[in-house]
Structure formats: structure tokens, C-alpha cells
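> Got work.csv for you, CSV, C-alpha atoms:
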```csv
chain,number,residue,atom,x,y,z
A,1,MET,CA,-40.4,-18.4,-28.2
A,2,GLU,CA,-40.7,-18.5,-24.4
A,3,THR,CA,-42.4,-15.5,-22.9
A,4,PRO,CA,-41.2,-13.7,-19.7
A,5,ALA,CA,-44.1,-15.4,-17.8
A,6,ASP,CA,-43.0,-18.8,-19.1
A,7,ALA,CA,-39.4,-18.1,-18.1
A,8,MET,CA,-40.4,-17.0,-14.6
A,9,TYR,CA,-42.6,-20.1,-14.2
A,10,SER,CA,-39.9,-22.5,-15.2
A,11,ILE,CA,-37.4,-20.8,-12.9
A,12,LEU,CA,-39.8,-21.0,-10.0
A,13,SER,CA,-40.3,-24.7,-10.7
A,14,GLU,CA,-36.5,-25.2,-10.6
A,15,ILE,CA,-36.3,-23.4,-7.3
A,16,LYS,CA,-39.1,-25.6,-5.8
A,17,THR,CA,-37.1,-28.7,-6.7
A,18,ILE,CA,-34.1,-27.5,-4.7
A,19,SER,CA,-35.7,-28.6,-1.4
A,20,ASN,CA,-36.0,-32.2,-2.8
A,21,ASP,CA,-32.4,-32.5,-3.8
A,22,ASN,CA,-29.4,-33.3,-1.7
A,23,ILE,CA,-27.9,-30.3,0.1
A,24,GLU,CA,-24.7,-30.8,-1.9
A,25,ASN,CA,-26.5,-29.9,-5.1
A,26,TYR,CA,-28.1,-26.8,-3.7
A,27,LEU,CA,-25.3,-24.3,-4.4
A,28,GLU,CA,-24.7,-25.7,-7.9
A,29,LYS,CA,-28.3,-25.4,-9.0
A,30,LEU,CA,-28.6,-21.9,-7.4
A,31,LEU,CA,-25.6,-20.7,-9.4
A,32,LYS,CA,-27.1,-22.2,-12.5
A,33,ILE,CA,-30.3,-20.3,-12.0
A,34,GLY,CA,-28.5,-17.1,-11.4
A,35,ASN,CA,-26.4,-17.5,-14.5
A,36,THR,CA,-29.4,-18.2,-16.8
A,37,LEU,CA,-32.0,-15.9,-15.3
A,38,ALA,CA,-31.2,-12.7,-17.3
A,39,ARG,CA,-30.6,-14.6,-20.5
A,40,ARG,CA,-33.9,-16.5,-20.3
A,41,ILE,CA,-36.0,-13.4,-19.4
A,42,PHE,CA,-34.4,-10.8,-21.6
A,43,GLY,CA,-34.1,-13.3,-24.5
A,44,SER,CA,-37.9,-13.5,-24.6
A,45,VAL,CA,-38.4,-9.9,-25.7
A,46,THR,CA,-41.0,-10.5,-28.5
A,47,CYS,CA,-42.8,-7.2,-29.0
A,48,GLU,CA,-42.3,-3.5,-29.2
A,49,LYS,CA,-43.8,-2.9,-25.8
A,50,GLU,CA,-41.4,-5.2,-24.0
A,51,TYR,CA,-38.5,-3.6,-25.9
A,52,PHE,CA,-39.5,-0.1,-24.7
A,53,ILE,CA,-39.8,-1.3,-21.1
A,54,LEU,CA,-36.2,-2.6,-21.5
A,55,LYS,CA,-35.1,0.7,-23.0
A,56,GLU,CA,-36.7,2.7,-20.2
A,57,THR,CA,-34.8,0.5,-17.7
A,58,VAL,CA,-31.6,1.4,-19.5
A,59,TYR,CA,-32.5,5.1,-19.1
A,60,ILE,CA,-33.1,4.5,-15.4
A,61,LEU,CA,-29.7,2.8,-15.0
A,62,GLN,CA,-28.0,5.6,-16.9
A,63,SER,CA,-29.7,8.2,-14.6
A,64,ALA,CA,-28.4,6.3,-11.5
A,65,ILE,CA,-24.9,6.2,-13.0
A,66,SER,CA,-25.1,9.9,-13.7
A,67,TYR,CA,-26.3,10.6,-10.2
A,68,PHE,CA,-23.5,8.8,-8.5
A,69,PHE,CA,-21.0,10.3,-11.0
A,70,ILE,CA,-22.1,13.8,-10.1
A,71,LYS,CA,-21.9,13.0,-6.4
A,72,ALA,CA,-18.4,11.7,-6.9
A,73,LEU,CA,-17.5,15.0,-8.7
A,74,GLU,CA,-19.0,16.9,-5.8
A,75,LYS,CA,-16.9,15.0,-3.2
A,76,GLN,CA,-13.8,15.4,-5.4
A,77,LYS,CA,-14.3,19.2,-5.3
A,78,GLN,CA,-14.7,19.0,-1.5
A,79,GLN,CA,-11.4,17.0,-1.4
A,80,ASP,CA,-13.3,14.1,0.3
A,81,PHE,CA,-11.5,11.5,-1.8
A,82,VAL,CA,-12.7,8.5,0.1
A,83,SER,CA,-16.4,9.4,-0.5
A,84,CYS,CA,-15.5,10.3,-4.1
A,85,LEU,CA,-14.1,6.8,-4.6
A,86,ALA,CA,-17.2,5.3,-3.0
A,87,TYR,CA,-19.6,7.1,-5.3
A,88,ALA,CA,-17.5,6.5,-8.4
A,89,SER,CA,-17.4,2.8,-7.5
A,90,TYR,CA,-21.2,2.7,-7.2
A,91,ALA,CA,-21.4,4.3,-10.6
A,92,ALA,CA,-18.9,1.8,-12.0
A,93,GLY,CA,-20.8,-1.1,-10.6
A,94,ILE,CA,-24.1,-0.1,-12.1
A,95,ASN,CA,-22.4,0.7,-15.4
A,96,ALA,CA,-21.0,-2.8,-15.4
A,97,VAL,CA,-24.5,-4.3,-15.2
A,98,LEU,CA,-25.7,-2.0,-17.9
A,99,VAL,CA,-22.9,-2.8,-20.3
A,100,THR,CA,-22.8,-6.6,-19.8
A,101,LYS,CA,-26.5,-7.3,-19.4
A,102,PHE,CA,-28.8,-4.6,-20.8
A,103,LEU,CA,-27.1,-2.9,-23.7
A,104,PRO,CA,-26.3,-6.1,-25.6
A,105,ILE,CA,-29.9,-7.2,-25.4
A,106,LEU,CA,-31.1,-3.7,-26.4
A,107,GLN,CA,-28.7,-3.8,-29.4
A,108,ARG,CA,-29.9,-7.3,-30.4
A,109,HIS,CA,-33.6,-6.2,-30.5
A,110,ILE,CA,-33.0,-2.8,-32.1
A,111,THR,CA,-35.4,-3.8,-34.9
A,112,PHE,CA,-38.3,-2.7,-32.6
A,113,ASN,CA,-36.9,0.8,-32.7
A,114,ASN,CA,-37.6,3.0,-35.7
A,115,SER,CA,-34.1,4.4,-35.8
A,116,LYS,CA,-30.6,3.4,-34.7
A,117,GLU,CA,-29.9,7.0,-33.7
A,118,GLU,CA,-31.3,6.7,-30.2
A,119,MET,CA,-29.3,3.5,-29.5
A,120,GLU,CA,-26.1,5.3,-30.7
A,121,TYR,CA,-26.9,8.2,-28.4
A,122,ILE,CA,-27.3,5.8,-25.4
A,123,GLN,CA,-24.0,4.2,-26.3
A,124,ARG,CA,-22.2,7.6,-26.6
A,125,ILE,CA,-23.5,8.7,-23.2
A,126,ASN,CA,-22.4,5.4,-21.7
A,127,SER,CA,-18.9,5.5,-23.3
A,128,TRP,CA,-18.3,9.1,-22.0
A,129,LEU,CA,-19.6,8.2,-18.5
A,130,GLU,CA,-17.4,5.1,-18.4
A,131,GLN,CA,-14.3,7.1,-19.2
A,132,GLU,CA,-15.0,9.8,-16.7
A,133,ILE,CA,-15.8,7.4,-14.0
A,134,ASN,CA,-12.6,5.5,-14.5
A,135,ARG,CA,-10.7,8.8,-14.5
A,136,LEU,CA,-12.4,9.7,-11.2
A,137,ILE,CA,-11.6,6.4,-9.6
A,138,LEU,CA,-7.9,6.6,-10.5
A,139,LYS,CA,-7.6,10.2,-9.3
A,140,ALA,CA,-9.3,9.4,-6.0
A,141,ARG,CA,-7.0,6.4,-5.4
A,142,GLU,CA,-4.0,8.6,-6.2
A,143,ASN,CA,-5.1,11.3,-3.8
A,144,ILE,CA,-5.9,8.8,-1.0
A,145,SER,CA,-2.5,7.4,-1.5
A,146,LYS,CA,-0.9,10.8,-1.3
A,147,HIS,CA,-2.9,11.6,1.8
A,148,GLU,CA,-1.8,8.4,3.5
A,149,ASN,CA,1.9,9.1,2.5
A,150,VAL,CA,1.7,12.5,4.2
A,151,LYS,CA,0.2,10.9,7.4
A,152,ILE,CA,3.0,8.3,7.4
A,153,GLU,CA,5.7,10.9,6.9
A,154,GLN,CA,4.3,13.0,9.7
A,155,ARG,CA,4.1,10.0,12.0
A,156,ILE,CA,7.7,9.0,11.2
A,157,SER,CA,9.0,12.6,11.6
A,158,LYS,CA,7.4,12.7,15.0
A,159,THR,CA,8.9,9.4,16.1
A,160,ILE,CA,12.3,10.4,14.8
A,161,LYS,CA,12.2,13.6,16.8
A,162,THR,CA,11.3,11.7,19.9
A,163,MET,CA,14.1,9.2,19.3
A,164,ILE,CA,16.7,12.0,18.8
A,165,SER,CA,15.5,13.8,21.9
A,166,LEU,CA,15.8,10.6,24.0
A,167,ALA,CA,19.2,9.7,22.6
A,168,THR,CA,20.7,13.1,23.2
A,169,ASN,CA,19.3,13.6,26.7
A,170,ALA,CA,20.3,10.3,28.3
A,171,THR,CA,21.3,10.3,32.0
A,172,GLY,CA,24.7,9.7,33.4
A,173,ASP,CA,23.9,6.0,33.9
A,174,VAL,CA,24.0,5.5,30.1
A,175,ARG,CA,27.5,7.1,29.9
A,176,ASN,CA,28.7,5.1,33.0
A,177,LEU,CA,27.7,1.9,31.2
A,178,ALA,CA,29.4,2.9,28.0
A,179,VAL,CA,32.6,3.7,29.9
A,180,ILE,CA,32.6,0.4,31.7
A,181,LEU,CA,32.0,-1.5,28.5
A,182,CYS,CA,34.7,0.4,26.5
A,183,LYS,CA,37.4,1.4,28.9
A,184,LYS,CA,39.9,-1.3,27.8
A,185,PHE,CA,39.9,0.1,24.2
A,186,PRO,CA,41.6,3.3,22.9
A,187,ALA,CA,39.3,6.3,22.8
A,188,GLY,CA,37.5,6.7,19.5
A,189,ASP,CA,38.6,3.3,18.3
A,190,PHE,CA,36.1,1.3,16.2
A,191,LYS,CA,36.4,-1.5,18.8
A,192,GLN,CA,34.6,0.7,21.3
A,193,ALA,CA,31.7,1.1,18.9
A,194,ARG,CA,31.7,-2.6,18.2
A,195,ARG,CA,31.5,-3.4,21.9
A,196,LEU,CA,28.5,-1.2,22.4
A,197,TYR,CA,26.8,-2.6,19.4
A,198,GLU,CA,27.4,-6.2,20.6
A,199,TYR,CA,26.0,-5.3,24.0
A,200,VAL,CA,22.7,-3.9,22.7
A,201,ARG,CA,22.4,-6.7,20.2
A,202,ASP,CA,23.0,-9.5,22.7
A,203,GLU,CA,21.8,-8.2,26.0
A,204,ILE,CA,18.6,-6.4,25.0
A,205,THR,CA,15.8,-8.7,23.9
A,206,TYR,CA,13.7,-7.7,20.9
A,207,ILE,CA,10.1,-7.2,21.9
A,208,GLN,CA,7.5,-5.6,19.6
A,209,ASP,CA,5.3,-2.7,20.5
A,210,PRO,CA,1.6,-3.3,21.1
A,211,CYS,CA,-0.5,-3.6,17.9
A,212,ASN,CA,-1.1,-0.3,16.1
A,213,VAL,CA,0.8,1.6,18.8
A,214,GLU,CA,4.2,3.3,18.3
A,215,GLU,CA,6.0,3.8,21.6
A,216,VAL,CA,9.6,4.8,22.1
A,217,GLN,CA,11.3,4.1,25.3
A,218,SER,CA,14.1,6.1,26.9
A,219,PRO,CA,17.5,4.4,27.0
A,220,GLU,CA,17.1,4.1,30.8
A,221,VAL,CA,13.8,2.2,30.5
A,222,THR,CA,15.3,-0.1,27.9
A,223,LEU,CA,18.2,-0.9,30.1
A,224,LYS,CA,15.9,-1.5,33.1
A,225,LEU,CA,13.6,-3.8,31.1
A,226,ARG,CA,16.5,-5.2,29.0
A,227,ALA,CA,14.0,-5.4,26.1
A,228,GLY,CA,12.6,-3.2,23.4
A,229,ASP,CA,11.7,-3.0,19.7
A,230,CYS,CA,14.0,-1.6,16.9
A,231,ASP,CA,13.3,2.0,17.9
A,232,ASP,CA,14.2,1.3,21.5
A,233,LYS,CA,17.3,-0.6,20.7
A,234,ALA,CA,18.4,2.1,18.2
A,235,VAL,CA,17.9,4.9,20.8
A,236,LEU,CA,19.9,3.0,23.4
A,237,LEU,CA,22.8,2.2,21.0
A,238,ALA,CA,22.8,5.8,19.7
A,239,ALA,CA,22.8,7.2,23.3
A,240,LEU,CA,25.7,4.9,24.3
A,241,LEU,CA,27.8,5.9,21.3
A,242,LEU,CA,27.0,9.6,21.7
A,243,SER,CA,28.0,9.5,25.4
A,244,ILE,CA,31.6,8.7,24.6
A,245,GLY,CA,32.0,11.0,21.6
A,246,PHE,CA,31.0,9.0,18.5
A,247,GLU,CA,29.1,10.8,15.6
A,248,THR,CA,26.0,8.8,15.0
A,249,CYS,CA,22.9,8.8,12.7
A,250,PHE,CA,19.7,6.9,12.2
A,251,PHE,CA,19.1,5.0,9.0
A,252,ILE,CA,15.5,4.7,7.9
A,253,ALA,CA,14.9,1.6,5.8
A,254,ASP,CA,12.3,-0.1,3.7
A,255,THR,CA,12.6,-3.8,4.4
A,256,ASN,CA,9.9,-5.1,2.1
A,257,ASN,CA,10.4,-2.9,-0.9
A,258,ASP,CA,6.9,-1.3,-0.8
A,259,GLY,CA,8.3,2.2,-0.8
A,260,TYR,CA,7.3,2.9,2.8
A,261,PRO,CA,9.8,3.2,5.7
A,262,ASP,CA,9.3,0.4,8.3
A,263,HIS,CA,12.6,0.0,10.1
A,264,VAL,CA,15.2,2.1,11.8
A,265,TYR,CA,18.8,1.4,12.9
A,266,VAL,CA,22.0,3.2,13.8
A,267,GLY,CA,25.0,4.3,11.8
A,268,VAL,CA,28.3,5.4,13.3
A,269,HIS,CA,30.9,7.6,11.5
A,270,LEU,CA,34.3,5.8,11.6
A,271,PRO,CA,36.6,7.0,8.9
A,272,ASN,CA,39.6,5.2,10.4
A,273,ALA,CA,37.9,1.8,10.8
A,274,PRO,CA,39.2,-1.1,8.6
A,275,GLU,CA,37.6,-1.2,5.2
A,276,ILE,CA,36.3,-4.6,5.9
A,277,TYR,CA,33.7,-3.1,8.2
A,278,LYS,CA,32.4,-0.6,5.6
A,279,PRO,CA,29.7,-2.2,3.5
A,280,LEU,CA,28.6,1.0,1.8
A,281,PRO,CA,31.6,1.8,-0.5
A,282,ARG,CA,29.5,3.3,-3.2
A,283,LYS,CA,26.2,4.0,-1.4
A,284,ILE,CA,25.0,7.4,-2.5
A,285,LEU,CA,21.7,8.7,-1.2
A,286,ASP,CA,19.3,10.8,-3.3
A,287,ASP,CA,20.7,14.0,-1.7
A,288,GLY,CA,24.2,13.1,-2.8
A,289,ARG,CA,25.5,12.0,0.6
A,290,ASP,CA,28.3,9.4,0.5
A,291,LEU,CA,27.9,6.8,3.2
A,292,HIS,CA,31.3,5.2,2.7
A,293,ASN,CA,32.6,6.0,6.2
A,294,TRP,CA,29.3,5.3,8.0
A,295,ILE,CA,29.1,1.8,9.5
A,296,PRO,CA,25.5,0.5,9.8
A,297,LEU,CA,24.6,-1.2,13.1
A,298,ASP,CA,21.4,-3.1,13.4
A,299,PRO,CA,21.1,-4.5,16.9
A,300,THR,CA,17.7,-6.1,16.2
A,301,CYS,CA,19.3,-8.8,14.0
A,302,GLU,CA,20.9,-11.5,16.2
A,303,ASP,CA,22.7,-13.1,13.3
A,304,SER,CA,24.2,-9.8,12.1
A,305,ASP,CA,27.6,-8.5,13.0
A,306,PHE,CA,29.4,-5.2,13.3
A,307,GLY,CA,29.4,-3.5,9.9
A,308,VAL,CA,27.2,-6.2,8.3
A,309,ILE,CA,23.9,-5.1,6.7
A,310,PRO,CA,21.1,-7.7,7.0
A,311,LEU,CA,19.6,-8.2,3.5
A,312,ASP,CA,16.3,-6.7,4.7
A,313,ASP,CA,18.0,-3.5,5.6
A,314,VAL,CA,19.6,-2.7,2.3
A,315,GLY,CA,16.9,-0.4,1.2
A,316,ILE,CA,18.1,2.7,3.0
A,317,LEU,CA,15.6,5.6,2.4
A,318,GLN,CA,17.0,8.3,4.6
A,319,TYR,CA,20.0,9.3,6.7
A,320,ILE,CA,19.2,11.4,9.8
A,321,PRO,CA,22.1,12.8,11.8
A,322,ILE,CA,21.6,12.6,15.6
A,323,VAL,CA,22.1,16.1,17.0
A,324,PRO,CA,20.3,17.8,19.9
A,325,ILE,CA,17.0,19.3,18.8
A,326,GLU,CA,16.7,23.0,19.4
A,327,LYS,CA,13.8,23.8,21.6
```
Could you render the structure from this file as C-alpha cells?

Amino acid sequence: METPADAMYSILSEIKTISNDNIENYLEKLLKIGNTLARRIFGSVTCEKEYFILKETVYILQSAISYFFIKALEKQKQQDFVSCLAYASYAAGINAVLVTKFLPILQRHITFNNSKEEMEYIQRINSWLEQEINRLILKARENISKHENVKIEQRISKTIKTMISLATNATGDVRNLAVILCKKFPAGDFKQARRLYEYVRDEITYIQDPCNVEEVQSPEVTLKLRAGDCDDKAVLLAALLLSIGFETCFFIADTNNDGYPDHVYVGVHLPNAPEIYKPLPRKILDDGRDLHNWIPLDPTCEDSDFGVIPLDDVGILQYIPIVPIEK
């Protein structure tokens, strides 16, 4: 049987030949060496001394796994879930090497050991550690996800408060524009709301915020720039509707079905509007609110129309009435 020294010498010889081959063969041969290295060396365990060296290596690996596992527990107790996940992942990685490379060889050469009891003990420790490490990883991921959700909710809440404040504190210029656009229609008629929606949809160009920055413009700024993102267009439309007496709301939507809100648009309460403009006949939110008489208005979608919900907007997560915020 090939000894460890013979195995190392033959591998060294193969490595030396790499420089003589075409460069295209380099990666293939290197991968071959990597795949056979452990098998060729560990497969050459021929005596009790070599077996016990291998066993001591297993103990060292288990000690390393235990160390990182304990560090992960410590970070979990401190509620540092990112570090907890990192340490638990280190432990899982070392454990994977132990399970796939070392333990099978140790089991195969167990005849060098006087008793199977020690091997069973090693396997019991490993099995317990593996279960606990997996539990820690799952728990850490869950807590990180919860923490991220809280941050997202806080950020959205702050943005919505800003939007409501801007929509309910617009200047007279916003009302003047609404009056000019709607004066030929009866007061409170759905045609007034439709005219305002069409104006924001068609006359205000959609422009995204800078990367990783959430900015909300006042209605006046959006009118001056004649451009803005979904937040800005929603604020302007809400301000126009509010300025001539319409009850409005913001709809928070999940457009990609990942469970996170990523879009906002306006709703207007029009009980007397024709039913054809009411696309939510049986839409009941989690809080029991019936949205039948609320007409959704998404001015960011150029192909949409009054009372038509773009397919991406169907996942309404939250209804937020637009009323002045008490200071």
C-alpha cells in the first residue's frame, strides 16, 4: 500500500508536470489533484501510530467546532445575531470537513483502536454539535430577518408621515391648479378626481430617487420640476385631491410578492362613482376594511387609467388615510 510519503511524492511530481502542459489543462489537473489528495493520503493509514495521529486531528477539529459554537452562543446571548451567524457558520464549515473527510476514514480504520466506544463517543459529540449549530444558524437568520423588517417598517413609517405632512400642508398654488383643472366639472364629481389623476400621470415625468436614498418632494417642487418618483407623484395627486375636498388615502403595495412594501399610490373615496371605476368590489384588508368605494389611482403607470389597478399593484398591504398629523 502506498505510504503517505509516496502519496506526497507522486502528487508533487504531478504538480511539477503542470508547467510543461498547455495552459488549458492547468485547471483540470489542479482540480484532479485537489479531489484525490485527501483520499490518497488518508487511504494510506497503515499503522496504529498513523491512526492515532488522524484521531488526534479529529479531536482538534471538534475542539475548533466547539469553540466557534460557544462563541456563537455568546453572541446570541448578547443579541448580536450577525456575529452569531458568522461564528455558527465557521463551526458548520469545519464540521462539514470533519464529517465528509475525517470521520469516514477514522471509521474505516477503527481496527487500530482497541474499542469502538471511543469512536461512538466522537460521533455522539459530533451529532449533537451539528444539530445545535444548525439550530443556531436558523435562529440567527430568523432574528436578522426580524431586525431588518423592523428597520424597513420604521423607514416606511417615517416616509409616510413625511408624505402626509407634505400633502396636507400644500400652498395655495396647488389648490389654484386643482381649481383650474376641475372647474368645468360639478363639485365632488368623480370627473374632477379623474382629471387630476390624468394630469399627474401625463404631465409629471417619472424619475427615480438617487440610489439608496429616499427623498420626498413637496407638491410645489414636483410641479416646478414636473418630475418625481412614485412618492412624489402620490403626494402631488393627494394634495390636489385634498385641496378641493376629496377624501384620500395612500395604498402601500408589494409589487414583487416578496412580503415587503415597495410602492405607494393614492386612493380616493368616491361612493357615487360608476361601478365600472371600482376595481375592488370584494377587497377586504386584514383589519376588515372594505375598499369597495375607494378608487385606486397610480399615476406612475402611463398605461393605466382611472380606477384601473396595474397588475404589479394588486398586492395592497396597507391603507393609510391622509389626515393632518397632530404636532
> Nearest to Tyr206 (chain A) among A:Thr248, A:Ser83, A:Thr300, A:Asn149, with distances taken over all atoms listed in the file: which residue is it?
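Among A:Thr248, A:Ser83, A:Thr300, A:Asn149, it is A:Thr300 that comes nearest to Tyr206 (chain A).
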> Using all atoms listed in the file, what does the table of region 181-214 of chain A residues within 7 Å of region 222-246 of chain A look like, with each row giving the shortest atom pair and its distance in Å to one decimal, sorted by chain and ascending number, as JSON lines?

```
{"residue": "A:Gly188", "atom": "CA", "partner": "A:Phe246", "partner_atom": "CA", "distance": 7.0}
{"residue": "A:Ala193", "atom": "CA", "partner": "A:Leu241", "partner_atom": "CA", "distance": 6.6}
{"residue": "A:Leu196", "atom": "CA", "partner": "A:Leu237", "partner_atom": "CA", "distance": 6.8}
{"residue": "A:Tyr197", "atom": "CA", "partner": "A:Leu237", "partner_atom": "CA", "distance": 6.4}
{"residue": "A:Val200", "atom": "CA", "partner": "A:Leu237", "partner_atom": "CA", "distance": 6.3}
{"residue": "A:Glu203", "atom": "CA", "partner": "A:Arg226", "partner_atom": "CA", "distance": 6.8}
{"residue": "A:Ile204", "atom": "CA", "partner": "A:Arg226", "partner_atom": "CA", "distance": 4.7}
{"residue": "A:Thr205", "atom": "CA", "partner": "A:Ala227", "partner_atom": "CA", "distance": 4.4}
{"residue": "A:Tyr206", "atom": "CA", "partner": "A:Asp229", "partner_atom": "CA", "distance": 5.2}
{"residue": "A:Ile207", "atom": "CA", "partner": "A:Gly228", "partner_atom": "CA", "distance": 4.9}
{"residue": "A:Gln208", "atom": "CA", "partner": "A:Asp229", "partner_atom": "CA", "distance": 4.9}
{"residue": "A:Asp209", "atom": "CA", "partner": "A:Asp229", "partner_atom": "CA", "distance": 6.5}
```
> For Arg155 (chain A), list every protein, DNA or RNA residue within 12 Å, evaluated using only C-alpha atoms, and leave out those in the same chain fewer than 6 positions away; present the list as a list in words.
Glu148, Asn149, Lys161, Thr162, Val213, Glu214, Glu215, Pro261 and Asp262 of chain A
> Give as a PyMOL selection string each residue that has an atom at most 8 Å from (30.7, -1.6, 15.4) in the file, counting all atoms listed in the file.
chain A and resi 190-198+268+277+295-297+305-307
> Counting all atoms listed in the file, which of A:Phe185, A:Val266, A:Leu73, A:Ser304 gets nearest to Ala167 (chain A)?
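When distances to Ala167 (chain A) are compared using all atoms listed in the file, the smallest one comes from A:Val266.
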> Skipping near chain neighbours, those fewer than 2 positions away, what residues fall within 9 Å of region 102-104 of chain A using only C-alpha atoms, listed as a compact mmCIF listing (two decimals) with C-alpha atoms, in the frame of the given file?

```txt
# COMPACT_ATOMS: atom_id res chain seq x y z
CA PHE A 42 -34.40 -10.80 -21.60
CA LEU A 54 -36.20 -2.60 -21.50
CA LYS A 55 -35.10 0.70 -23.00
CA THR A 57 -34.80 0.50 -17.70
CA VAL A 58 -31.60 1.40 -19.50
CA VAL A 97 -24.50 -4.30 -15.20
CA LEU A 98 -25.70 -2.00 -17.90
CA VAL A 99 -22.90 -2.80 -20.30
CA THR A 100 -22.80 -6.60 -19.80
CA LEU A 106 -31.10 -3.70 -26.40
CA GLN A 107 -28.70 -3.80 -29.40
CA ARG A 108 -29.90 -7.30 -30.40
CA HIS A 109 -33.60 -6.20 -30.50
CA MET A 119 -29.30 3.50 -29.50
CA ILE A 122 -27.30 5.80 -25.40
CA GLN A 123 -24.00 4.20 -26.30
```
> Quick one: pull the distance between CA of Tyr260 (chain A) and CA of Asn169 (chain A), Å, one decimal.
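Computed distance, CA of Tyr260 (chain A) to CA of Asn169 (chain A), equals 28.8 Å.
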> Between CA of Asp189 (chain A) and CA of Trp294 (chain A), what distance in Å does the model show, to one decimal?
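Computing it gives 14.0 Å between the two atoms.
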> Given the choices A:Ile164, A:Asp254, A:Leu138, A:Ala187, which gets closest to Pro324 (chain A) if the distance is worked out from all atoms listed in the file?
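That would be A:Ile164, the residue with the smallest distance to Pro324 (chain A).
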> How many Å lie between CA of Glu130 (chain A) and CA of Phe68 (chain A), rounded to one decimal?
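Going from CA of Glu130 (chain A) over to CA of Phe68 (chain A) covers 12.2 Å.
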> Between A:Lys77, A:His147, A:Lys116, A:Lys71, which has the minimum distance to Tyr90 (chain A) (counting only C-alpha atoms)?
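Of A:Lys77, A:His147, A:Lys116, A:Lys71, the one nearest Tyr90 (chain A) is A:Lys71, counting only C-alpha atoms.
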> Taking 5 positions as the minimum chain separation for residues in the same chain, which residues sit within 9 Å of Phe251 (chain A) when counting all atoms listed in the file? Answer as a PDB file with C-alpha atoms, in the coordinates of the input.

```
ATOM      1  CA  HIS A 263      12.600   0.000  10.100  1.00  0.00           C
ATOM      2  CA  VAL A 264      15.200   2.100  11.800  1.00  0.00           C
ATOM      3  CA  TYR A 265      18.800   1.400  12.900  1.00  0.00           C
ATOM      4  CA  VAL A 266      22.000   3.200  13.800  1.00  0.00           C
ATOM      5  CA  GLY A 267      25.000   4.300  11.800  1.00  0.00           C
ATOM      6  CA  PRO A 296      25.500   0.500   9.800  1.00  0.00           C
ATOM      7  CA  ILE A 316      18.100   2.700   3.000  1.00  0.00           C
ATOM      8  CA  LEU A 317      15.600   5.600   2.400  1.00  0.00           C
ATOM      9  CA  GLN A 318      17.000   8.300   4.600  1.00  0.00           C
ATOM     10  CA  TYR A 319      20.000   9.300   6.700  1.00  0.00           C
ATOM     11  CA  ILE A 320      19.200  11.400   9.800  1.00  0.00           C
ATOM     12  CA  PRO A 321      22.100  12.800  11.800  1.00  0.00           C
TER      13      PRO A 321
END
```
> Under the rule that all atoms listed in the file are counted, which of A:Phe69, A:Val179, A:Asp202, A:Pro219 is the nearest residue to Gly93 (chain A)?
A:Phe69
> Just checking: using all atoms listed in the file, which residue out of A:Val308, A:Ile94, A:Ala72, A:Leu181 ends up closest to Leu280 (chain A)?
A:Val308
